[in-house]
$ cat run31.cif   # mmCIF, C-alpha atoms
data_protein
loop_
_atom_site.label_atom_id
_atom_site.label_comp_id
_atom_site.auth_asym_id
_atom_site.auth_seq_id
_atom_site.Cartn_x
_atom_site.Cartn_y
_atom_site.Cartn_z
CA MET A 1063 0.00 0.00 0.00
CA ALA A 1064 1.26 3.45 -0.84
CA ASP A 1065 1.86 5.65 2.17
CA GLU A 1066 1.55 8.74 0.06
CA THR A 1067 -1.85 9.74 -1.25
CA PRO A 1068 -1.47 13.16 -2.89
CA LEU A 1069 -4.73 12.97 -4.83
CA LEU A 1070 -6.80 11.91 -1.85
CA ASP A 1071 -5.09 14.52 0.31
CA GLU A 1072 -6.80 17.19 -1.79
CA LEU A 1073 -10.09 16.00 -0.33
CA GLU A 1074 -8.95 16.88 3.16
CA LYS A 1075 -8.76 20.56 2.30
CA GLY A 1076 -11.54 23.04 2.89
CA PRO A 1077 -13.96 23.69 5.72
CA TRP A 1078 -16.06 20.56 5.38
CA PRO A 1079 -15.66 17.25 7.21
CA SER A 1080 -13.51 14.93 5.14
CA TYR A 1081 -14.08 11.22 4.75
CA VAL A 1082 -10.40 10.91 3.84
CA LYS A 1083 -9.48 12.21 7.29
CA GLU A 1084 -11.75 9.60 8.82
CA ILE A 1085 -10.29 6.77 6.78
CA LYS A 1086 -6.80 7.93 7.76
CA ARG A 1087 -7.84 7.83 11.41
CA ALA A 1088 -9.14 4.30 10.93
CA ALA A 1089 -5.94 3.36 9.07
CA LYS A 1090 -3.90 4.02 12.20
CA LYS A 1091 -5.61 1.04 13.83
CA ASN A 1092 -6.55 -1.13 10.89
CA LYS A 1093 -4.56 -2.42 7.94
CA ALA A 1094 -7.60 -2.85 5.70
CA SER A 1095 -8.43 0.83 6.06
CA LYS A 1096 -4.87 1.66 5.12
CA ASP A 1097 -5.19 -0.42 1.97
CA LEU A 1098 -8.53 1.23 1.27
CA LEU A 1099 -6.74 4.56 0.98
CA GLY A 1100 -4.31 3.00 -1.44
CA ILE A 1101 -7.08 1.53 -3.58
CA GLN A 1102 -8.84 4.84 -3.88
CA GLU A 1103 -5.64 6.73 -4.61
CA LEU A 1104 -4.94 4.25 -7.39
CA SER A 1105 -8.48 4.65 -8.72
CA TYR A 1106 -8.05 8.40 -8.88
CA LYS A 1107 -4.72 7.97 -10.63
CA ASP A 1108 -6.03 5.38 -13.13
CA ARG A 1109 -9.45 7.05 -13.42
CA ILE A 1110 -11.19 3.74 -13.02
CA THR A 1111 -12.65 1.88 -10.06
CA HIS A 1112 -10.61 -0.95 -8.65
CA TRP A 1113 -13.60 -2.63 -7.01
CA LYS A 1114 -15.47 -5.59 -8.37
CA HIS A 1115 -19.09 -6.12 -7.42
CA GLY A 1116 -21.21 -9.04 -6.31
CA GLY A 1117 -20.26 -12.68 -6.07
CA ILE A 1118 -20.88 -15.28 -3.46
CA VAL A 1119 -20.66 -13.99 0.05
CA GLY A 1120 -23.07 -14.52 2.84
CA VAL A 1121 -23.78 -16.16 6.12
CA THR A 1122 -25.57 -19.40 6.86
CA GLY A 1123 -29.28 -19.30 6.09
CA TYR A 1124 -29.25 -15.78 4.69
CA GLY A 1125 -29.16 -14.62 1.09
CA SER A 1126 -29.25 -10.96 2.02
CA GLY A 1127 -27.41 -8.55 4.21
CA VAL A 1128 -23.83 -9.06 3.10
CA ILE A 1129 -22.60 -7.43 -0.08
CA GLY A 1130 -19.44 -8.76 -1.66
CA ARG A 1131 -16.67 -6.33 -2.45
CA TYR A 1132 -13.42 -7.52 -3.96
CA CYS A 1133 -10.50 -5.44 -5.08
CA ASP A 1134 -9.23 -6.18 -8.59
CA SER A 1135 -5.60 -5.74 -7.46
CA PRO A 1136 -5.33 -8.03 -4.44
CA GLU A 1137 -1.58 -8.37 -4.90
CA LYS A 1138 -1.15 -4.65 -4.28
CA PHE A 1139 -3.71 -4.41 -1.48
CA PRO A 1140 -3.80 -7.76 0.33
CA ASP A 1141 -5.47 -6.38 3.46
CA ALA A 1142 -8.44 -5.02 1.51
CA ALA A 1143 -8.58 -7.74 -1.16
CA ALA A 1144 -11.98 -8.74 0.23
CA PHE A 1145 -13.73 -5.78 1.78
CA HIS A 1146 -17.33 -6.88 2.24
CA THR A 1147 -20.18 -4.78 3.49
CA PHE A 1148 -22.71 -5.70 6.17
CA ARG A 1149 -26.16 -4.17 6.09
CA VAL A 1150 -27.55 -4.27 9.61
CA ASN A 1151 -31.26 -3.73 10.08
CA HIS A 1152 -31.80 -0.41 11.82
CA PRO A 1153 -34.41 0.03 14.54
CA ALA A 1154 -37.59 1.88 13.55
CA GLY A 1155 -36.98 5.61 13.58
CA TRP A 1156 -33.22 5.12 13.97
CA PHE A 1157 -33.30 5.40 17.75
CA TYR A 1158 -30.30 3.90 19.54
CA SER A 1159 -28.98 3.88 23.06
CA THR A 1160 -25.32 4.86 23.36
CA LYS A 1161 -24.74 1.37 24.75
CA ALA A 1162 -26.08 -0.20 21.54
CA LEU A 1163 -23.91 2.05 19.40
CA ARG A 1164 -20.80 1.24 21.44
CA LYS A 1165 -21.59 -2.45 21.17
CA ILE A 1166 -21.91 -2.40 17.40
CA CYS A 1167 -18.70 -0.38 17.08
CA ASP A 1168 -16.85 -2.84 19.33
CA ILE A 1169 -18.06 -5.75 17.21
CA TRP A 1170 -17.06 -4.00 14.03
CA GLU A 1171 -13.60 -3.04 15.27
CA LYS A 1172 -13.07 -6.70 16.12
CA TYR A 1173 -14.24 -8.21 12.84
CA GLY A 1174 -14.13 -5.43 10.26
CA SER A 1175 -12.36 -2.26 9.26
CA GLY A 1176 -13.97 -0.23 12.03
CA MET A 1177 -15.52 2.08 9.45
CA THR A 1178 -19.25 2.54 9.36
CA ASN A 1179 -21.81 4.48 7.42
CA PHE A 1180 -24.78 5.74 9.39
CA HIS A 1181 -26.94 5.16 7.50
CA GLY A 1182 -27.25 3.67 4.00
CA SER A 1183 -29.84 5.20 1.72
CA THR A 1184 -32.38 2.54 2.64
CA GLY A 1185 -31.65 3.19 6.29
CA ASP A 1186 -29.52 0.25 7.35
CA ILE A 1187 -26.45 0.57 9.52
CA ILE A 1188 -23.65 0.00 7.02
CA LEU A 1189 -20.51 -1.72 8.24
CA LEU A 1190 -17.80 -1.25 5.66
CA GLY A 1191 -15.05 -3.75 5.02
CA ALA A 1192 -14.78 -7.26 6.43
CA PRO A 1193 -12.65 -10.12 5.08
CA THR A 1194 -14.53 -13.22 3.97
CA GLU A 1195 -13.35 -15.35 6.90
CA ASN A 1196 -14.83 -12.88 9.39
CA LEU A 1197 -18.34 -12.80 7.92
CA GLN A 1198 -19.86 -15.71 9.81
CA PRO A 1199 -18.28 -14.92 13.22
CA CYS A 1200 -19.24 -11.27 12.85
CA PHE A 1201 -22.82 -12.20 11.97
CA ASP A 1202 -22.98 -14.63 14.90
CA THR A 1203 -21.77 -11.93 17.29
CA LEU A 1204 -24.18 -9.36 15.88
CA THR A 1205 -27.15 -11.67 16.34
CA GLU A 1206 -26.00 -12.67 19.84
CA ASN A 1207 -26.18 -8.99 20.68
CA GLY A 1208 -29.65 -8.43 19.29
CA PHE A 1209 -28.86 -7.17 15.80
CA ASP A 1210 -29.99 -8.70 12.54
CA LEU A 1211 -29.08 -8.18 8.92
CA GLY A 1212 -31.10 -6.07 6.51
CA GLY A 1213 -32.13 -6.71 2.93
CA SER A 1214 -29.99 -6.79 -0.19
CA GLY A 1215 -30.25 -8.33 -3.64
CA SER A 1216 -33.61 -9.39 -5.05
CA ALA A 1217 -35.34 -9.28 -1.70
CA LEU A 1218 -37.53 -7.08 0.41
CA ARG A 1219 -35.20 -4.32 1.46
CA THR A 1220 -35.06 -3.16 5.04
CA ILE A 1221 -38.29 -1.36 5.75
CA SER A 1222 -37.95 2.24 6.81
CA GLY A 1223 -40.14 5.09 7.94
CA CYS A 1224 -39.98 8.54 9.43
CA VAL A 1225 -39.68 9.15 13.19
CA GLY A 1226 -43.45 9.52 13.25
CA LYS A 1227 -45.28 9.83 16.53
CA ALA A 1228 -42.07 9.49 18.52
CA ARG A 1229 -41.04 13.03 17.70
CA CYS A 1230 -43.42 14.59 15.23
CA GLU A 1231 -46.74 16.32 15.78
CA TRP A 1232 -47.92 15.73 12.22
CA ALA A 1233 -47.80 11.95 12.17
CA ASN A 1234 -51.17 10.63 11.05
CA ILE A 1235 -50.07 7.02 11.34
CA ASP A 1236 -47.71 5.16 13.62
CA THR A 1237 -44.81 4.69 11.22
CA LEU A 1238 -42.57 3.21 13.90
CA ASP A 1239 -45.02 0.44 14.64
CA ILE A 1240 -45.54 -0.21 10.93
CA VAL A 1241 -41.78 -0.56 10.38
CA ARG A 1242 -41.35 -2.83 13.38
CA ASP A 1243 -44.41 -4.96 12.65
CA PHE A 1244 -43.70 -5.38 8.92
CA THR A 1245 -40.03 -6.13 9.60
CA SER A 1246 -41.04 -8.93 11.98
CA GLU A 1247 -43.71 -10.25 9.64
CA PHE A 1248 -41.59 -10.32 6.50
CA GLN A 1249 -38.33 -11.77 7.84
CA ASP A 1250 -38.22 -14.45 5.20
CA GLU A 1251 -38.80 -11.95 2.39
CA ILE A 1252 -35.97 -9.75 3.75
CA HIS A 1253 -33.40 -12.48 4.27
CA ARG A 1254 -34.00 -14.84 1.36
CA PRO A 1255 -34.04 -13.13 -2.02
CA ARG A 1256 -36.33 -14.83 -4.52
CA TRP A 1257 -38.00 -12.10 -6.55
CA PRO A 1258 -37.19 -10.58 -9.92
CA TYR A 1259 -35.44 -7.70 -8.19
CA LYS A 1260 -35.52 -5.51 -5.10
CA PHE A 1261 -38.71 -4.32 -3.40
CA LYS A 1262 -38.91 -1.39 -0.99
CA ILE A 1263 -41.53 -0.38 1.56
CA LYS A 1264 -41.37 3.01 3.23
CA ALA A 1265 -43.81 4.81 5.48
CA SER A 1266 -44.14 8.52 6.11
CA GLY A 1267 -46.44 9.87 8.77
CA CYS A 1268 -47.70 12.81 6.75
CA PRO A 1269 -47.48 14.23 3.22
CA ASN A 1270 -44.31 16.14 4.12
CA ASP A 1271 -42.83 12.70 3.49
CA CYS A 1272 -39.56 13.12 5.37
CA VAL A 1273 -38.24 9.73 4.21
CA ALA A 1274 -39.12 10.52 0.58
CA ALA A 1275 -41.25 7.40 0.39
CA ILE A 1276 -43.01 8.70 -2.70
CA ALA A 1277 -39.75 8.76 -4.63
CA ARG A 1278 -37.97 5.73 -3.21
CA ALA A 1279 -40.38 2.92 -2.41
CA ASP A 1280 -42.16 0.38 -4.58
CA PHE A 1281 -44.84 0.39 -1.88
CA THR A 1282 -45.33 3.80 -0.34
CA ILE A 1283 -47.43 4.46 2.75
CA ILE A 1284 -48.15 8.11 3.49
CA GLY A 1285 -50.20 9.23 6.45
CA THR A 1286 -53.12 11.52 5.68
CA TRP A 1287 -56.57 12.43 6.95
CA LYS A 1288 -60.06 11.97 5.59
CA ASP A 1289 -61.87 14.88 7.24
CA THR A 1290 -60.81 18.53 7.11
CA LEU A 1291 -57.94 20.62 8.39
CA ARG A 1292 -58.41 21.94 11.92
CA ILE A 1293 -58.03 25.71 11.92
CA ASP A 1294 -57.65 27.65 15.15
CA GLN A 1295 -58.99 31.09 14.17
CA ALA A 1296 -57.62 32.80 17.28
CA ALA A 1297 -54.13 31.53 16.43
CA VAL A 1298 -54.60 32.63 12.80
CA LYS A 1299 -55.51 36.10 14.00
CA ASN A 1300 -52.46 36.12 16.22
CA TYR A 1301 -50.23 35.28 13.25
CA ALA A 1302 -51.77 38.14 11.23
CA GLU A 1303 -51.48 40.67 14.04
CA ASN A 1304 -47.83 39.83 14.44
CA GLY A 1305 -47.13 40.75 10.83
CA PHE A 1306 -47.33 37.31 9.21
CA ASP A 1307 -48.58 37.63 5.62
CA VAL A 1308 -51.34 35.01 5.71
CA LYS A 1309 -52.62 35.86 2.24
CA GLY A 1310 -49.25 36.06 0.48
CA LEU A 1311 -47.49 33.20 2.18
CA VAL A 1312 -50.32 30.75 2.72
CA VAL A 1313 -53.58 31.49 0.86
CA ASP A 1314 -52.00 32.53 -2.44
CA LYS A 1315 -49.64 29.56 -2.30
CA CYS A 1316 -52.36 26.97 -1.84
CA PRO A 1317 -52.00 24.76 -4.94
CA THR A 1318 -55.74 24.22 -5.31
CA ASP A 1319 -57.01 27.61 -4.07
CA ALA A 1320 -58.78 25.84 -1.27
CA LEU A 1321 -58.19 28.64 1.25
CA GLU A 1322 -59.86 32.05 1.57
CA TRP A 1323 -58.67 34.97 3.64
CA ASP A 1324 -60.84 37.73 5.03
CA GLU A 1325 -58.52 40.63 5.76
CA LYS A 1326 -61.14 42.55 7.74
CA THR A 1327 -62.07 39.80 10.18
CA LYS A 1328 -58.69 38.03 9.92
CA THR A 1329 -60.48 34.78 9.28
CA LEU A 1330 -59.15 31.84 7.29
CA THR A 1331 -61.68 29.50 5.70
CA LEU A 1332 -61.19 26.21 3.88
CA ARG A 1333 -63.12 24.63 1.03
CA ALA A 1334 -62.48 21.13 2.27
CA GLU A 1335 -63.41 19.43 -1.00
CA ASP A 1336 -60.58 21.29 -2.77
CA CYS A 1337 -57.85 20.53 -0.22
CA VAL A 1338 -55.25 18.06 -1.51
CA ARG A 1339 -53.48 17.78 1.88
CA CYS A 1340 -50.19 19.16 0.60
CA MET A 1341 -49.20 20.35 4.12
CA HIS A 1342 -48.08 23.82 2.92
CA CYS A 1343 -50.48 25.80 5.12
CA ILE A 1344 -49.76 23.55 8.10
CA ASN A 1345 -46.01 23.97 7.64
CA LYS A 1346 -46.36 27.75 7.45
CA MET A 1347 -48.77 28.21 10.35
CA THR A 1348 -47.90 25.38 12.69
CA LYS A 1349 -49.66 26.93 15.68
CA ALA A 1350 -52.90 27.58 13.81
CA ILE A 1351 -53.52 24.70 11.41
CA ARG A 1352 -53.45 20.99 12.07
CA PRO A 1353 -54.35 17.84 10.13
CA GLY A 1354 -57.83 16.40 10.61
CA VAL A 1355 -58.67 13.74 13.16
CA ASP A 1356 -59.96 10.95 10.90
CA THR A 1357 -56.49 9.71 10.05
CA GLY A 1358 -55.20 6.88 7.88
CA ALA A 1359 -52.93 6.55 4.87
CA THR A 1360 -52.73 6.77 1.14
CA ILE A 1361 -51.04 3.75 -0.42
CA LEU A 1362 -49.00 4.52 -3.49
CA ILE A 1363 -47.05 2.23 -5.72
CA GLY A 1364 -44.11 2.10 -8.05
CA SER A 1365 -41.34 4.59 -7.33
CA LYS A 1366 -37.82 3.62 -8.20
CA ALA A 1367 -34.52 4.90 -9.53
CA PRO A 1368 -33.53 4.19 -13.14
CA ILE A 1369 -32.26 0.75 -14.14
CA ILE A 1370 -34.27 -0.83 -16.94
CA LYS A 1371 -36.50 2.21 -17.42
CA GLY A 1372 -36.30 5.73 -16.05
CA ALA A 1373 -37.06 7.02 -12.58
CA TYR A 1374 -40.64 6.79 -11.37
CA LEU A 1375 -42.56 8.51 -8.62
CA SER A 1376 -45.16 6.45 -6.81
CA TRP A 1377 -48.75 6.95 -7.84
CA VAL A 1378 -51.95 6.35 -5.90
CA LEU A 1379 -53.19 2.81 -5.50
CA ILE A 1380 -55.52 3.26 -2.53
CA PRO A 1381 -56.55 6.85 -1.80
CA PHE A 1382 -57.43 6.25 1.84
CA ILE A 1383 -57.17 3.30 4.16
CA LYS A 1384 -57.32 3.07 7.94
CA ILE A 1385 -53.97 1.96 9.30
CA GLU A 1386 -54.36 -0.11 12.41
CA PRO A 1387 -52.50 -3.14 13.79
CA PRO A 1388 -52.17 -5.91 12.83
CA TYR A 1389 -52.31 -4.33 9.33
CA ASN A 1390 -53.71 -7.52 7.79
CA GLU A 1391 -55.32 -5.79 4.84
CA ILE A 1392 -52.04 -4.21 3.78
CA LYS A 1393 -50.07 -7.39 4.34
CA GLU A 1394 -52.51 -9.37 2.19
CA LEU A 1395 -52.23 -6.75 -0.54
CA LEU A 1396 -48.44 -6.90 -0.38
CA ARG A 1397 -48.44 -10.69 -0.71
CA LYS A 1398 -50.79 -10.48 -3.66
CA ILE A 1399 -48.57 -7.90 -5.34
CA TRP A 1400 -45.44 -9.99 -4.75
CA ASP A 1401 -47.07 -13.11 -6.15
CA TRP A 1402 -48.13 -11.30 -9.32
CA TRP A 1403 -44.78 -9.60 -9.74
CA ASP A 1404 -42.83 -12.81 -9.07
CA GLU A 1405 -45.01 -14.71 -11.51
CA ASN A 1406 -44.80 -12.15 -14.32
CA GLY A 1407 -41.67 -10.10 -13.76
CA ARG A 1408 -38.51 -10.45 -15.77
CA THR A 1409 -35.14 -10.56 -14.05
CA ARG A 1410 -34.27 -7.08 -12.73
CA GLU A 1411 -37.71 -5.74 -13.58
CA ARG A 1412 -39.12 -3.57 -10.78
CA LEU A 1413 -42.83 -3.61 -10.03
CA ALA A 1414 -43.50 -0.27 -11.77
CA GLU A 1415 -41.83 -1.50 -14.93
CA LEU A 1416 -43.92 -4.65 -14.90
CA ILE A 1417 -47.09 -2.61 -14.38
CA GLU A 1418 -46.14 -0.43 -17.32
CA ARG A 1419 -45.43 -3.48 -19.49
CA LYS A 1420 -48.60 -5.36 -18.58
CA GLY A 1421 -50.86 -2.36 -18.11
CA PHE A 1422 -52.26 -0.80 -14.97
CA LYS A 1423 -55.72 -2.15 -15.64
CA THR A 1424 -54.31 -5.69 -15.69
CA PHE A 1425 -52.59 -5.02 -12.40
CA LEU A 1426 -55.74 -3.61 -10.81
CA ARG A 1427 -57.79 -6.56 -12.05
CA GLU A 1428 -55.29 -9.02 -10.59
CA MET A 1429 -55.27 -7.16 -7.28
CA GLY A 1430 -59.06 -6.86 -7.21
CA ILE A 1431 -58.85 -3.10 -6.77
CA PRO A 1432 -61.41 -0.93 -8.60
CA PRO A 1433 -60.04 2.02 -10.61
CA VAL A 1434 -60.68 5.43 -9.06
CA PRO A 1435 -59.94 8.97 -10.32
CA GLN A 1436 -57.15 9.50 -7.77
CA MET A 1437 -55.00 6.95 -9.61
CA ILE A 1438 -53.40 9.57 -11.80
CA TYR A 1439 -50.02 8.75 -13.26
CA LYS A 1440 -48.87 12.34 -12.91
CA PRO A 1441 -50.50 15.67 -12.05
CA ARG A 1442 -53.08 16.91 -14.57
CA ALA A 1443 -53.05 13.62 -16.48
CA ASN A 1444 -56.38 12.07 -17.43
CA PRO A 1445 -56.89 9.32 -14.84
CA TYR A 1446 -58.72 7.11 -17.30
CA VAL A 1447 -56.01 7.15 -19.97
CA PHE A 1448 -53.32 5.41 -18.01
CA PHE A 1449 -50.29 3.69 -19.45
CA MET B 694 -50.77 -31.28 2.89
CA ALA B 695 -50.01 -29.57 -0.40
CA ASP B 696 -48.20 -26.64 1.20
CA GLU B 697 -45.93 -28.76 3.38
CA VAL B 698 -42.25 -29.05 2.65
CA THR B 699 -41.30 -32.69 2.33
CA GLY B 700 -37.95 -34.40 2.18
CA GLU B 701 -38.88 -35.57 -1.29
CA LEU B 702 -39.41 -32.00 -2.47
CA LYS B 703 -36.10 -30.89 -1.02
CA GLN B 704 -34.34 -33.76 -2.79
CA LYS B 705 -36.03 -32.80 -6.06
CA ILE B 706 -34.74 -29.25 -5.64
CA ILE B 707 -31.23 -30.49 -4.89
CA ASP B 708 -31.32 -32.82 -7.91
CA TYR B 709 -32.51 -29.97 -10.11
CA LEU B 710 -29.77 -27.63 -8.88
CA LYS B 711 -27.21 -30.30 -9.78
CA THR B 712 -28.25 -29.83 -13.41
CA VAL B 713 -27.87 -26.04 -13.57
CA SER B 714 -25.22 -23.55 -12.48
CA LYS B 715 -27.74 -21.25 -10.83
CA ALA B 716 -31.49 -20.64 -10.84
CA LYS B 717 -34.26 -18.40 -9.57
CA ASN B 718 -36.84 -19.89 -7.21
CA LYS B 719 -39.58 -19.62 -9.78
CA GLU B 720 -37.49 -21.48 -12.36
CA VAL B 721 -36.98 -24.29 -9.86
CA ALA B 722 -40.72 -24.43 -9.15
CA ARG B 723 -41.60 -24.41 -12.83
CA ASP B 724 -39.07 -27.04 -13.84
CA ILE B 725 -39.82 -29.51 -11.06
CA GLY B 726 -43.54 -28.90 -11.40
CA ALA B 727 -44.15 -27.85 -7.81
CA ASP B 728 -46.06 -25.01 -6.21
CA LYS B 729 -43.94 -21.86 -5.96
CA HIS B 730 -44.92 -21.08 -2.35
CA VAL B 731 -43.83 -24.51 -1.16
CA VAL B 732 -40.64 -24.31 -3.19
CA ASP B 733 -39.88 -20.94 -1.58
CA LYS B 734 -40.28 -22.50 1.85
CA ALA B 735 -38.17 -25.52 0.94
CA ILE B 736 -35.40 -23.32 -0.43
CA ALA B 737 -35.43 -21.22 2.75
CA GLU B 738 -35.03 -24.41 4.77
CA LEU B 739 -32.26 -25.70 2.52
CA SER B 740 -30.51 -22.38 2.94
CA LYS B 741 -30.73 -22.57 6.73
CA GLU B 742 -29.38 -26.11 6.54
CA GLY B 743 -26.42 -24.83 4.52
CA VAL B 744 -27.23 -26.93 1.46
CA ILE B 745 -27.79 -24.05 -0.94
CA GLU B 746 -26.38 -20.56 -1.16
CA TYR B 747 -27.42 -17.31 -2.77
CA VAL B 748 -25.49 -15.66 -5.58
CA TYR B 749 -25.89 -12.03 -6.50
CA LEU B 750 -25.12 -11.40 -10.14
CA GLY B 751 -27.20 -8.36 -10.94
CA ALA B 752 -30.16 -10.25 -9.51
CA SER B 753 -30.21 -12.96 -6.88
CA PHE B 754 -30.01 -16.66 -7.73
CA ILE B 755 -29.58 -19.85 -5.76
CA LYS B 756 -27.09 -22.65 -6.26
CA LEU B 757 -25.85 -25.67 -4.43
CA LYS B 758 -23.31 -24.71 -1.82
CA GLY B 759 -19.82 -25.25 -3.11
CA GLY B 760 -21.09 -26.00 -6.63
CA GLU B 761 -19.52 -24.58 -9.77
#
$ encode --input "run31.cif" --output "structure tokens"
Amino acid sequence: MADETPLLDELEKGPWPSYVKEIKRAAKKNKASKDLLGIQELSYKDRITHWKHGGIVGVTGYGSGVIGRYCDSPEKFPDAAAFHTFRVNHPAGWFYSTKALRKICDIWEKYGSGMTNFHGSTGDIILLGAPTENLQPCFDTLTENGFDLGGSGSALRTISGCVGKARCEWANIDTLDIVRDFTSEFQDEIHRPRWPYKFKIKASGCPNDCVAAIARADFTIIGTWKDTLRIDQAAVKNYAENGFDVKGLVVDKCPTDALEWDEKTKTLTLRAEDCVRCMHCINKMTKAIRPGVDTGATILIGSKAPIIKGAYLSWVLIPFIKIEPPYNEIKELLRKIWDWWDENGRTRERLAELIERKGFKTFLREMGIPPVPQMIYKPRANPYVFF
Amino acid sequence: MADEVTGELKQKIIDYLKTVSKAKNKEVARDIGADKHVVDKAIAELSKEGVIEYVYLGASFIKLKGGE
């Protein structure tokens, strides 16, 4: 391994935290981290990656959770020749005790490079860089200490959701319970990949969608309400009297003109039938406007990043559904969707791509879901001319 | 029962995997003429027993452990 890394050193400059600095710190204690610096320096010099992807790595009984990483120049970097990644299933809402964090770091310093990534884009704890011979003992130690692996490959990926009712006043559904319950229910689907490709479930407590479920999940659950916004007129008046521009910043910005403002009486009124629950007014006047009380979720389907076809945003499958444990209705729907997708999908074809290929009406017929006007593919599209 | 994993089914899966380098679950089910749900369960059990392993090559496949 080269001790000098002039190209990487450039990334230590400037006011921002530098991952190079962190790897160098890890390299003082760990040979693999030292070789990691060398591999990246060489990649910068050669302008090509020196990592290979995939292959056969794993732990007994699991097909998911360990991602193989091999260097293509093992003779130059023997300590990072195999530098596999663990995906560890995060707890719902990403809440940890310091004791749990210390434990996982101790395990990882023993078996891996000591470097972590909190968190991966799906939400897992990412443990970066273990040699092949350490995979099984590391997994055994993780499970002995209450951790489990997350999803990878053609499996159900680790389910994630926003912090929900634990810390947020806008949560219309209990996202933490959904994540925990679904993770327990679908252990086999997470750990044993058998589908055409990956499948993601994410839950957001309100349409602010802090985990970007609408853009990142094949099956998107977004908390909403069926009745109307709750407006506290005294609080609205207070906003106005303190110089807040209710008309300019809230009423005029309502995407469906569902709000009216009476400047004389300082009264805000809502045409409930026009409200699309975008959260803008609530976000602007948090002390005066709240979601309704008849809460549930909208189920959307299909978002993904580009692979076979381009990026998709999720679109509405079920406009409103009550979300209550044990969530049997949603679980049954998921199983039905997986069966249809598994039966008809081509290798590496995501659900949205299959729906586009077979037609949304075919999908709805197979699911036994009646078409409704809310199932628009994109804003202002005719809901009845779909795909 | 039709949805029970039997030793015979597991053996059929093992025999099938001896004839291919890798396969998806649904290919196994189709080619041995068994119900996909039961095959999924059997493959999960075989995996826990260490008989088969998963391969990720763009998508996930299964193969006999230690096989070519």
$ interface_residues --input "run31.cif" --of "chain A" --to "chain B" --cutoff "9 Å" --atoms "only C-alpha atoms" --output "list in words"
His1115, Gly1116, Gly1117, Ile1118, Val1119, Gly1120, Val1121, Thr1122, Gly1123, Tyr1124, Gly1125, Ser1126, Ile1129, Gly1130, Gly1215, Ser1216, Ala1217, Asp1250, Arg1254, Pro1255, Arg1256, Trp1257, Pro1258, Tyr1259, Lys1260, Asp1404, Glu1405, Thr1409 and Arg1410 of chain A
$ atom_distance --input "run31.cif" --atom1 "CA of Ile1293 in chain A" --atom2 "CA of Leu1332 in chain A"
8.7 Å
$ atom_distance --input "run31.cif" --atom1 "CA of Lys715 in chain B" --atom2 "CA of Lys756 in chain B"
4.8 Å
$ resolve_selection --input "run31.cif" --expression "the PyMOL selection byres ((chain A and resi 1073-1088) around 12)" --output "MDAnalysis selection string"
chainID A and resid 1065:1072 1089:1100 1102:1103 1106 1170:1171 1174:1179 1190:1191
$ atom_distance --input "run31.cif" --atom1 "CA of Ala1350 in chain A" --atom2 "CA of Asp1236 in chain A"
23.0 Å
$ residues_around --input "run31.cif" --residues "Val1434 in chain A" --least-positions-apart "2" --cutoff "10 Å" --atoms "all atoms listed in the file" --output "list in words"
Val1378, Leu1379, Ile1380, Pro1381, Ile1431, Pro1432, Gln1436, Met1437, Ile1438, Pro1445 and Tyr1446 of chain A
$ write_last_selection --input "run31.cif" --atoms "C-alpha atoms" --output "compact mmCIF listing (two decimals), in the coordinates of the input"
# COMPACT_ATOMS: atom_id res chain seq x y z
CA VAL A 1378 -51.95 6.35 -5.90
CA LEU A 1379 -53.19 2.81 -5.50
CA ILE A 1380 -55.52 3.26 -2.53
CA PRO A 1381 -56.55 6.85 -1.80
CA ILE A 1431 -58.85 -3.10 -6.77
CA PRO A 1432 -61.41 -0.93 -8.60
CA GLN A 1436 -57.15 9.50 -7.77
CA MET A 1437 -55.00 6.95 -9.61
CA ILE A 1438 -53.40 9.57 -11.80
CA PRO A 1445 -56.89 9.32 -14.84
CA TYR A 1446 -58.72 7.11 -17.30
$ resolve_selection --input "run31.cif" --expression "the PyMOL selection byres ((chain A and resi 1264) around 7)" --output "count of residues only"
12
$ closest_residue --input "run31.cif" --among "A:Leu1375, A:Ser1105, A:Cys1133, A:Leu1163" --to "Ala1274 in chain A" --atoms "all atoms listed in the file"
A:Leu1375
$ resolve_selection --input "run31.cif" --expression "the PyMOL selection byres ((chain B and resi 702) around 10)" --output "MDAnalysis selection string"
chainID B and resid 697:701 703:708 725 727 731:732 735:736
$ residues_around --input "run31.cif" --residues "Ile1370 in chain A" --least-positions-apart "3" --cutoff "12 Å" --atoms "all atoms listed in the file" --output "PDB file with C-alpha atoms, keeping the file's coordinate frame"
ATOM      1  CA  TYR A1259     -35.440  -7.700  -8.190  1.00  0.00           C
ATOM      2  CA  LYS A1366     -37.820   3.620  -8.200  1.00  0.00           C
ATOM      3  CA  ALA A1367     -34.520   4.900  -9.530  1.00  0.00           C
ATOM      4  CA  ALA A1373     -37.060   7.020 -12.580  1.00  0.00           C
ATOM      5  CA  TYR A1374     -40.640   6.790 -11.370  1.00  0.00           C
ATOM      6  CA  ARG A1408     -38.510 -10.450 -15.770  1.00  0.00           C
ATOM      7  CA  THR A1409     -35.140 -10.560 -14.050  1.00  0.00           C
ATOM      8  CA  ARG A1410     -34.270  -7.080 -12.730  1.00  0.00           C
ATOM      9  CA  GLU A1411     -37.710  -5.740 -13.580  1.00  0.00           C
ATOM     10  CA  ARG A1412     -39.120  -3.570 -10.780  1.00  0.00           C
ATOM     11  CA  LEU A1413     -42.830  -3.610 -10.030  1.00  0.00           C
ATOM     12  CA  ALA A1414     -43.500  -0.270 -11.770  1.00  0.00           C
ATOM     13  CA  GLU A1415     -41.830  -1.500 -14.930  1.00  0.00           C
ATOM     14  CA  LEU A1416     -43.920  -4.650 -14.900  1.00  0.00           C
ATOM     15  CA  GLU A1418     -46.140  -0.430 -17.320  1.00  0.00           C
ATOM     16  CA  ARG A1419     -45.430  -3.480 -19.490  1.00  0.00           C
TER      17      ARG A1419
ATOM     18  CA  GLY B 751     -27.200  -8.360 -10.940  1.00  0.00           C
TER      19      GLY B 751
END
